[in-house]
Amino acid sequence: MIEIRDAVLDDAPCILEIYDYYVKHTAITFEYETPTLEAFRKRMRRTMQRYPYLVILQDDVIQGYAYAGPFVDRAAYGWGCELTIYLAPNVRKCGMGRRLYTALASALKAMGMLNLYACIAYPEADDDYLTHNSIQFHSHLGFNIVGDFKQCGYKFGRWYHMVWMEKVIGEHRENQLPVTPYPALKALESKA
């Protein structure tokens with residue numbers, strides 16, 4: 001059985017275990033060291049104050065997570081956010097990523113977000129640490145490349161490129177309504 005729900009801080013050890021794989025074995029993240037559990041919980045807590053942080057479970061076991069964060073930390077950018085997703089290595093390419101990202105995009109649209117962004121590392125040619133899969137995944141979900149940065153990340157003795165991808169999910173208006181922070185939106189939904 002597959003379930004998507006809001007993450008809680010008690011999920012941090014399971015989520016960090018998934019992330020640890022990507023830090024140690026891939027160039028998908030440009031971090032060199034896996035954060036401590038306490039540092040990771042602080043990251044989660046900061047995100048959860050304003051944005052959705054979701055987990056996907058299969059038979060009650062967390063198999064992935066996705067969250068949003070500020071695109072740029074300035075008020076005028078408030079209708080856009082950066083997305084992040086990581087899946088346990090054994091469940092990639094089986095539809096969980098699509099389901100999780102779709103749920104995240106729905107939550108963000110309900111908040112009033114308009115632009116979704118993804119910062120994606122990619123190699124010159126696929127290698128043992130990084131492939132073009134993330135760009136292909138995002139393209140399949142309707143994201144378009146809007147920026148391309150060459151040799152901007154160095155990991156495992158190799159230089160990697162990075163792209164920004166964007167997906168517009170709302171209508172841009174002259175008198176735009178403010179974005180509702182996710183916890184406030186969830187509180188309103190629970191009272192309805």
# chains A, B, ... in the order shown; residues from 1 in each chain; ligands from 1

call {"tool": "closest_atom_pairs", "arguments": {"of": "stretch 63-128 of chain A", "to": "stretch 37-59 of chain A", "cutoff": "7 Å", "atoms": "only C-alpha atoms", "output": "CSV"}}
result
residue,atom,partner,partner_atom,distance
A:Gln63,CA,A:Leu57,CA,5.4
A:Gly64,CA,A:Ile56,CA,5.3
A:Tyr65,CA,A:Val55,CA,4.2
A:Ala66,CA,A:Leu54,CA,5.3
A:Tyr67,CA,A:Tyr53,CA,4.2
A:Ala68,CA,A:Tyr51,CA,5.7
A:Gly69,CA,A:Thr47,CA,6.3
A:Leu100,CA,A:Ile56,CA,6.5
A:Leu104,CA,A:Pro52,CA,7.0

call {"tool": "write_last_selection", "arguments": {"atoms": "C-alpha atoms", "output": "mmCIF file, in the first residue's frame"}}
result
data_model
loop_
_atom_site.group_PDB
_atom_site.id
_atom_site.type_symbol
_atom_site.label_atom_id
_atom_site.label_comp_id
_atom_site.auth_asym_id
_atom_site.auth_seq_id
_atom_site.Cartn_x
_atom_site.Cartn_y
_atom_site.Cartn_z
ATOM 1 C CA GLN A 63 10.570 5.280 0.688
ATOM 2 C CA GLY A 64 11.098 8.925 -0.204
ATOM 3 C CA TYR A 65 10.494 12.529 0.630
ATOM 4 C CA ALA A 66 9.928 15.851 -1.094
ATOM 5 C CA TYR A 67 9.689 19.404 0.115
ATOM 6 C CA ALA A 68 9.641 22.995 -1.044
ATOM 7 C CA GLY A 69 11.699 25.950 0.065
ATOM 8 C CA LEU A 100 5.132 12.420 -4.536
ATOM 9 C CA LEU A 104 3.732 18.413 -3.500
#

call {"tool": "select_by_dssp", "arguments": {"residues": "stretch 3-184 of chain A", "states": "alpha helix (DSSP H)", "output": "VMD selection string"}}
result
chain A and resid 12 to 25 37 to 48 96 to 111 133 to 140 182 to 184

call {"tool": "closest_atom_pairs", "arguments": {"of": "stretch 73-188 of chain A", "to": "stretch 6-21 of chain A", "cutoff": "12 Å", "atoms": "only C-alpha atoms", "output": "CSV"}}
result
residue,atom,partner,partner_atom,distance
A:Thr84,CA,A:Tyr19,CA,11.2
A:Ile85,CA,A:Tyr19,CA,9.7
A:Tyr86,CA,A:Tyr19,CA,6.9
A:Leu87,CA,A:Ile18,CA,6.8
A:Ala88,CA,A:Ile18,CA,5.5
A:Pro89,CA,A:Ile18,CA,7.9
A:Asn90,CA,A:Ile18,CA,10.4
A:Val91,CA,A:Ile18,CA,11.2
A:Arg92,CA,A:Ile18,CA,12.0
A:Leu100,CA,A:Asp6,CA,11.0
A:Ala103,CA,A:Asp6,CA,10.4
A:Leu104,CA,A:Asp6,CA,9.9
A:Ala107,CA,A:Asp6,CA,10.6
A:Tyr129,CA,A:Tyr21,CA,11.3
A:Tyr182,CA,A:Asp6,CA,10.6
A:Pro183,CA,A:Asp6,CA,10.3
A:Lys186,CA,A:Asp6,CA,10.1

call {"tool": "write_last_selection", "arguments": {"atoms": "N, CA and C atoms", "output": "short mmCIF file (atom, residue, chain, number, x, y, z; two decimals), in the first residue's frame"}}
result
data_model
loop_
_atom_site.label_atom_id
_atom_site.label_comp_id
_atom_site.auth_asym_id
_atom_site.auth_seq_id
_atom_site.Cartn_x
_atom_site.Cartn_y
_atom_site.Cartn_z
N THR A 84 12.56 19.85 -3.88
CA THR A 84 13.59 18.84 -3.66
C THR A 84 12.89 17.50 -3.49
N ILE A 85 13.46 16.46 -4.08
CA ILE A 85 12.90 15.12 -3.92
C ILE A 85 14.04 14.10 -3.86
N TYR A 86 13.89 13.13 -2.98
CA TYR A 86 14.83 12.01 -2.90
C TYR A 86 14.02 10.75 -2.63
N LEU A 87 14.35 9.69 -3.35
CA LEU A 87 13.71 8.39 -3.15
C LEU A 87 14.76 7.37 -2.73
N ALA A 88 14.32 6.39 -1.95
CA ALA A 88 15.22 5.28 -1.63
C ALA A 88 15.69 4.67 -2.95
N PRO A 89 16.96 4.32 -3.05
CA PRO A 89 17.51 3.84 -4.33
C PRO A 89 16.75 2.65 -4.93
N ASN A 90 16.18 1.81 -4.09
CA ASN A 90 15.49 0.61 -4.58
C ASN A 90 14.09 0.89 -5.12
N VAL A 91 13.58 2.10 -5.01
CA VAL A 91 12.22 2.38 -5.50
C VAL A 91 12.20 3.42 -6.63
N ARG A 92 13.35 3.75 -7.16
CA ARG A 92 13.38 4.69 -8.28
C ARG A 92 12.79 4.03 -9.52
N LEU A 100 4.69 11.52 -5.60
CA LEU A 100 5.13 12.42 -4.54
C LEU A 100 5.22 13.86 -5.04
N ALA A 103 1.75 15.35 -5.58
CA ALA A 103 1.14 15.75 -4.30
C ALA A 103 1.75 17.05 -3.80
N LEU A 104 3.06 17.19 -3.94
CA LEU A 104 3.73 18.41 -3.50
C LEU A 104 3.26 19.60 -4.32
N ALA A 107 -0.22 20.70 -3.26
CA ALA A 107 -0.21 21.45 -2.00
C ALA A 107 0.29 22.88 -2.23
N TYR A 129 28.36 8.50 -10.82
CA TYR A 129 27.83 9.32 -9.74
C TYR A 129 26.63 10.17 -10.14
N TYR A 182 1.99 26.96 4.39
CA TYR A 182 1.41 25.61 4.41
C TYR A 182 0.80 25.22 5.76
N PRO A 183 1.46 25.44 6.89
CA PRO A 183 0.81 25.04 8.15
C PRO A 183 -0.53 25.75 8.36
N LYS A 186 -3.13 24.07 6.09
CA LYS A 186 -3.55 22.78 6.65
C LYS A 186 -4.50 22.99 7.83
#

call {"tool": "closest_residue", "arguments": {"among": "A:Tyr117, A:Phe137, A:Ala27, A:Asn144", "to": "A:Cys94", "atoms": "only C-alpha atoms"}}
result
A:Phe137

call {"tool": "atom_distance", "arguments": {"atom1": "atom CA of A:Thr102", "atom2": "atom CA of A:Phe30"}}
result
24.9 Å

call {"tool": "atom_distance", "arguments": {"atom1": "atom CA of A:Val179", "atom2": "atom CA of A:Arg99"}}
result
23.4 Å

call {"tool": "select_by_dssp", "arguments": {"residues": "stretch 121-174 of chain A", "states": "strand (DSSP E)", "output": "list in words"}}
result
Ala121, Tyr122, Asn144, Ile145, Val146, Gly147, Asp148, Phe149, Lys150, Gln151, Cys152, Gly153, Tyr154, Lys155, Arg158, Trp159, Tyr160, His161, Met162, Val163, Trp164, Met165, Glu166, Lys167 and Val168 of chain A
